[in-house]
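Participant: Below is run-v5.cif; it holds mmCIF, C-alpha atoms.
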```cif
data_target
#
loop_
_atom_site.label_atom_id
_atom_site.label_comp_id
_atom_site.auth_asym_id
_atom_site.auth_seq_id
_atom_site.Cartn_x
_atom_site.Cartn_y
_atom_site.Cartn_z
CA MET A 1 0.00 0.00 0.00
CA ASP A 2 1.29 3.40 -0.74
CA SER A 3 1.21 6.08 1.96
CA LYS A 4 -1.88 7.93 0.62
CA ASN A 5 -4.05 4.84 0.73
CA LEU A 6 -2.74 3.93 4.17
CA ILE A 7 -3.62 7.38 5.53
CA ARG A 8 -7.11 7.18 3.97
CA PHE A 9 -7.62 3.70 5.41
CA LEU A 10 -6.54 4.79 8.90
CA PHE A 11 -8.69 7.96 8.70
CA PHE A 12 -11.86 6.05 7.72
CA THR A 13 -11.16 3.37 10.33
CA PHE A 14 -10.79 6.05 12.99
CA ILE A 15 -14.08 7.74 11.92
CA ILE A 16 -15.95 4.42 11.96
CA ALA A 17 -14.55 3.54 15.39
CA LEU A 18 -15.52 6.99 16.71
CA LEU A 19 -19.07 6.63 15.36
CA LEU A 20 -19.42 3.19 16.92
CA LEU A 21 -18.14 4.48 20.26
CA LEU A 22 -20.58 7.42 20.25
CA THR A 23 -23.46 5.17 19.26
CA LEU A 24 -22.75 2.64 22.01
CA THR A 25 -22.36 5.27 24.73
CA ASN A 26 -25.64 7.05 23.85
CA THR A 27 -27.80 3.99 23.23
CA PRO A 28 -29.63 2.68 26.31
CA TYR A 29 -28.88 -0.87 27.30
CA PRO A 30 -31.68 -3.36 26.65
CA LEU A 31 -33.84 -4.09 29.69
CA PRO A 32 -35.39 -7.43 30.54
CA LEU A 33 -38.77 -7.81 28.88
CA SER A 34 -40.42 -9.08 32.07
CA ASP A 35 -40.32 -5.61 33.68
CA ASN A 36 -42.80 -3.47 31.71
CA ARG A 37 -42.60 -0.51 34.09
CA ALA A 38 -38.87 -0.24 33.57
CA LEU A 39 -39.43 -0.09 29.81
CA LEU A 40 -41.66 2.96 30.21
CA ASP A 41 -39.38 4.76 32.67
CA CYS A 42 -37.32 7.12 30.58
CA ALA A 43 -35.13 8.08 33.55
CA THR A 44 -33.47 4.66 33.47
CA ASN A 45 -33.10 4.59 29.69
CA SER A 46 -31.82 8.05 28.86
CA ARG A 47 -29.57 10.63 30.41
CA ARG A 48 -31.52 13.39 28.70
CA CYS A 49 -34.83 12.47 30.32
CA THR A 50 -36.45 15.34 32.21
CA ILE A 51 -39.68 13.60 33.21
CA LYS A 52 -39.25 11.92 36.56
CA GLN A 53 -42.88 10.85 36.99
CA PRO A 54 -45.50 10.64 34.27
CA PRO A 55 -48.30 13.20 34.66
CA LYS A 56 -51.37 11.88 36.41
CA PRO A 57 -54.56 12.14 34.37
CA THR A 58 -57.16 14.42 35.88
CA THR A 59 -60.81 13.65 35.58
CA ARG A 60 -63.04 16.67 35.61
CA LEU A 61 -66.74 16.51 36.25
CA HIS A 62 -67.99 19.05 33.70
CA THR A 63 -71.45 19.30 35.19
CA THR A 64 -70.07 20.92 38.35
CA ASP A 65 -67.09 22.74 36.85
CA VAL A 66 -66.65 26.40 37.61
CA PRO A 67 -64.56 28.57 35.30
CA HIS A 68 -61.32 29.68 36.95
CA HIS A 69 -60.06 32.04 34.24
CA PRO A 70 -61.84 34.55 31.96
CA LEU A 71 -60.83 32.53 28.89
CA ASP A 72 -61.99 29.13 30.20
CA PRO A 73 -64.55 27.54 27.87
CA LEU A 74 -68.22 27.60 28.76
CA THR A 75 -69.18 25.01 31.33
CA LEU A 76 -72.07 22.61 30.88
CA THR A 77 -74.19 24.65 33.28
CA GLU A 78 -73.51 27.83 31.29
CA LEU A 79 -74.28 26.04 28.01
CA ASN A 80 -77.62 24.83 29.36
CA LYS A 81 -78.46 28.33 30.59
CA VAL A 82 -77.63 29.82 27.18
CA ARG A 83 -79.77 27.17 25.53
CA SER A 84 -82.75 27.92 27.78
CA ILE A 85 -82.39 31.69 27.14
CA LEU A 86 -82.32 31.05 23.39
CA LEU A 87 -85.31 28.73 23.44
CA SER A 88 -87.38 31.28 25.40
CA HIS A 89 -86.73 34.01 22.79
CA ASP A 90 -89.42 34.73 20.17
CA LEU A 91 -87.03 33.95 17.31
CA PHE A 92 -86.82 30.31 18.40
CA SER A 93 -90.20 29.78 20.07
CA ASN A 94 -92.06 30.86 16.89
CA SER A 95 -89.95 28.86 14.45
CA ASN A 96 -90.60 25.42 13.03
CA SER A 97 -86.98 24.42 12.64
CA PHE A 98 -83.72 25.64 14.09
CA ALA A 99 -80.23 24.37 14.81
CA PHE A 100 -77.40 25.67 16.98
CA HIS A 101 -74.24 25.38 14.90
CA SER A 102 -71.90 26.89 17.46
CA ILE A 103 -72.10 28.05 21.08
CA VAL A 104 -68.76 29.36 22.34
CA LEU A 105 -67.42 31.84 24.84
CA ASP A 106 -67.48 35.42 23.59
CA GLU A 107 -64.03 36.33 24.86
CA PRO A 108 -63.71 39.55 26.88
CA ASP A 109 -61.46 42.38 25.71
CA LYS A 110 -57.73 41.83 26.08
CA ALA A 111 -57.40 44.71 28.55
CA VAL A 112 -59.99 43.08 30.84
CA VAL A 113 -58.14 39.75 30.74
CA LEU A 114 -54.78 41.41 31.43
CA GLU A 115 -56.19 43.32 34.43
CA TRP A 116 -57.72 40.17 35.90
CA SER A 117 -55.64 38.25 38.43
CA HIS A 118 -56.18 34.89 40.11
CA GLY A 119 -58.70 35.24 42.93
CA ASP A 120 -60.58 38.19 41.39
CA ALA A 121 -64.18 37.83 40.31
CA LEU A 122 -64.58 36.80 36.70
CA PRO A 123 -65.74 39.44 34.23
CA PRO A 124 -69.27 38.94 32.85
CA ARG A 125 -69.28 35.87 30.61
CA LYS A 126 -71.13 35.99 27.30
CA ALA A 127 -71.75 33.34 24.70
CA SER A 128 -71.51 33.79 20.96
CA VAL A 129 -74.05 31.66 19.13
CA ILE A 130 -74.41 30.79 15.46
CA ALA A 131 -77.93 29.51 14.86
CA PHE A 132 -79.80 28.45 11.76
CA VAL A 133 -83.46 29.48 12.12
CA ASN A 134 -86.13 29.15 9.42
CA GLY A 135 -83.59 29.00 6.62
CA GLU A 136 -81.51 31.97 7.85
CA THR A 137 -78.24 32.07 9.76
CA HIS A 138 -78.10 34.34 12.83
CA VAL A 139 -75.10 35.38 14.90
CA LEU A 140 -76.26 36.06 18.46
CA THR A 141 -74.71 37.11 21.75
CA VAL A 142 -76.15 35.86 25.04
CA SER A 143 -75.32 37.20 28.48
CA GLY A 144 -75.49 34.39 31.00
CA ARG A 145 -75.77 36.52 34.15
CA ARG A 146 -78.47 38.87 32.91
CA GLY A 147 -80.25 36.37 30.69
CA THR A 148 -80.34 38.75 27.75
CA LEU A 149 -79.99 38.08 24.04
CA TRP A 150 -78.56 40.51 21.47
CA LEU A 151 -79.33 40.28 17.79
CA PRO A 152 -76.64 42.33 16.05
CA HIS A 153 -77.67 44.69 13.29
CA TYR A 154 -75.28 44.87 10.40
CA ASP A 155 -75.17 47.85 8.05
CA TYR A 156 -73.92 46.73 4.66
#
```
When written as structure tokens, how does the structure in this file appear?

Facilitator:
Amino acid sequence: MDSKNLIRFLFFTFIIALLLLLTLTNTPYPLPLSDNRALLDCATNSRRCTIKQPPKPTTRLHTTDVPHHPLDPLTLTELNKVRSILLSHDLFSNSNSFAFHSIVLDEPDKAVVLEWSHGDALPPRKASVIAFVNGETHVLTVSGRRGTLWLPHYDY
């Protein structure tokens, strides 16, 4: 072998050995298959693992939930109240067919949310409703506390 080929051979051998060494040091060792918990524990398998305990699932009972933040979604109680307000309005009580396509929280202004802090009373919560009544689509706003319904008037 001439000297150029020898240097190339040694260089590639060194690179391959370095790659193998890095691969072996960063690959977790295989665990016994009988211990399923150990397989799921990333702290034993990786040095980069930051999760020490998996998060515990929380079950929330949505029928008794109370919103804790101004941007929390409407609770089931609030949705039922909005529905009863809508059904008592003349637009729905005098119609043959209607459908609620969307009932969501009408988010308060950004300034109101930024002024609010944990422990303060929530700002008045309103619902934005898209309803299909007698062949027409209506965008409505319902105030849950006052039980009022606004039909917006658009000037086109």

Participant: Name every residue that the PyMOL selection byres ((chain A and resi 102-108) around 7) selects in this structure, writing the answer as an NGL selection string with chains first and numbers rising.

Facilitator: :A and (71 or 73-74 or 100-101 or 109-110 or 112-113 or 126-130)

Participant: Provide the atom CA of Glu136 of chain A to atom CA of Ser88 of chain A distance in Å, to one decimal place.

Facilitator: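 Rounded to one decimal, the two atoms are 18.5 Å apart.
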
Participant: Name the residues that the PyMOL selection byres ((chain A and resi 143) around 9) pulls out of this structure, and write them as an mmCIF file with C-alpha atoms, in the frame of the given file.

Facilitator:
```
data_model
loop_
_atom_site.group_PDB
_atom_site.id
_atom_site.type_symbol
_atom_site.label_atom_id
_atom_site.label_comp_id
_atom_site.auth_asym_id
_atom_site.auth_seq_id
_atom_site.Cartn_x
_atom_site.Cartn_y
_atom_site.Cartn_z
ATOM 1 C CA VAL A 82 -77.630 29.820 27.180
ATOM 2 C CA PRO A 124 -69.270 38.940 32.850
ATOM 3 C CA ARG A 125 -69.280 35.870 30.610
ATOM 4 C CA LYS A 126 -71.130 35.990 27.300
ATOM 5 C CA ALA A 127 -71.750 33.340 24.700
ATOM 6 C CA THR A 141 -74.710 37.110 21.750
ATOM 7 C CA VAL A 142 -76.150 35.860 25.040
ATOM 8 C CA GLY A 144 -75.490 34.390 31.000
ATOM 9 C CA ARG A 145 -75.770 36.520 34.150
ATOM 10 C CA ARG A 146 -78.470 38.870 32.910
ATOM 11 C CA GLY A 147 -80.250 36.370 30.690
ATOM 12 C CA THR A 148 -80.340 38.750 27.750
ATOM 13 C CA LEU A 149 -79.990 38.080 24.040
ATOM 14 C CA TRP A 150 -78.560 40.510 21.470
#
```

Participant: Pick the closest to Val133 of chain A from A:Asp65, A:Glu78, A:Asp90, A:Asp2: which is it, counting only C-alpha atoms?

Facilitator: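 Once distances to Val133 of chain A are computed over only C-alpha atoms, the minimum belongs to A:Asp90.
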
Participant: One decimal, in Å: what's the spacing between atom CA of Ile7 of chain A and atom CA of Leu21 of chain A?

Facilitator: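 These atoms are spaced 20.9 Å apart.
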
Participant: Just the number, please: distance in Å from atom CA of Val139 of chain A to atom CA of Trp116 of chain A, one decimal.

Facilitator: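 Computing it gives 27.7 Å between the two atoms.
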
Participant: Just so the selection is clear, what residues does the PyMOL selection byres ((chain A and resi 95) around 12) cover here, as a list in words?

Facilitator: Leu86, Leu87, Ser88, His89, Asp90, Leu91, Phe92, Ser93, Asn94, Asn96, Ser97, Phe98, Ala99, Phe132, Val133, Asn134, Gly135 and Glu136 of chain A

Participant: Out of A:Leu151, A:Ser84, A:Leu140, A:Pro70, which residue has the shortest atom-to-atom distance to Asp120 of chain A when counting all atoms listed in the file?

Facilitator: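 Checking each candidate against Asp120 of chain A, we get A:Pro70 as the closest.
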
Participant: Using the incomplete input, complete segment 106-118 of chain A to the level of N, CA and C atoms; output as a short mmCIF file (atom, residue, chain, number, x, y, z; two decimals), in the coordinates of the input.

Facilitator:
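As written to disk, result_30.cif reads:
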```cif
data_model
loop_
_atom_site.label_atom_id
_atom_site.label_comp_id
_atom_site.auth_asym_id
_atom_site.auth_seq_id
_atom_site.Cartn_x
_atom_site.Cartn_y
_atom_site.Cartn_z
N ASP A 106 -67.81 34.15 24.23
CA ASP A 106 -67.48 35.42 23.59
C ASP A 106 -66.40 36.05 24.48
N GLU A 107 -65.17 35.96 24.02
CA GLU A 107 -64.03 36.33 24.86
C GLU A 107 -64.08 37.82 25.21
N PRO A 108 -63.75 38.14 26.48
CA PRO A 108 -63.71 39.55 26.88
C PRO A 108 -62.54 40.27 26.21
N ASP A 109 -62.55 41.59 26.29
CA ASP A 109 -61.46 42.38 25.71
C ASP A 109 -60.13 42.00 26.35
N LYS A 110 -59.06 42.19 25.60
CA LYS A 110 -57.73 41.83 26.08
C LYS A 110 -57.36 42.61 27.33
N ALA A 111 -57.73 43.89 27.38
CA ALA A 111 -57.40 44.71 28.55
C ALA A 111 -58.06 44.15 29.82
N VAL A 112 -59.28 43.66 29.69
CA VAL A 112 -59.99 43.08 30.84
C VAL A 112 -59.28 41.82 31.31
N VAL A 113 -58.83 41.00 30.38
CA VAL A 113 -58.14 39.75 30.74
C VAL A 113 -56.79 40.06 31.38
N LEU A 114 -56.09 41.05 30.87
CA LEU A 114 -54.78 41.41 31.43
C LEU A 114 -54.90 42.01 32.82
N GLU A 115 -55.99 42.73 33.10
CA GLU A 115 -56.19 43.32 34.43
C GLU A 115 -56.61 42.27 35.45
N TRP A 116 -57.23 41.20 35.00
CA TRP A 116 -57.72 40.17 35.90
C TRP A 116 -56.55 39.41 36.52
N SER A 117 -56.65 39.09 37.79
CA SER A 117 -55.64 38.25 38.43
C SER A 117 -56.34 37.14 39.20
N HIS A 118 -55.61 36.07 39.45
CA HIS A 118 -56.18 34.89 40.11
C HIS A 118 -56.77 35.28 41.46
#
```
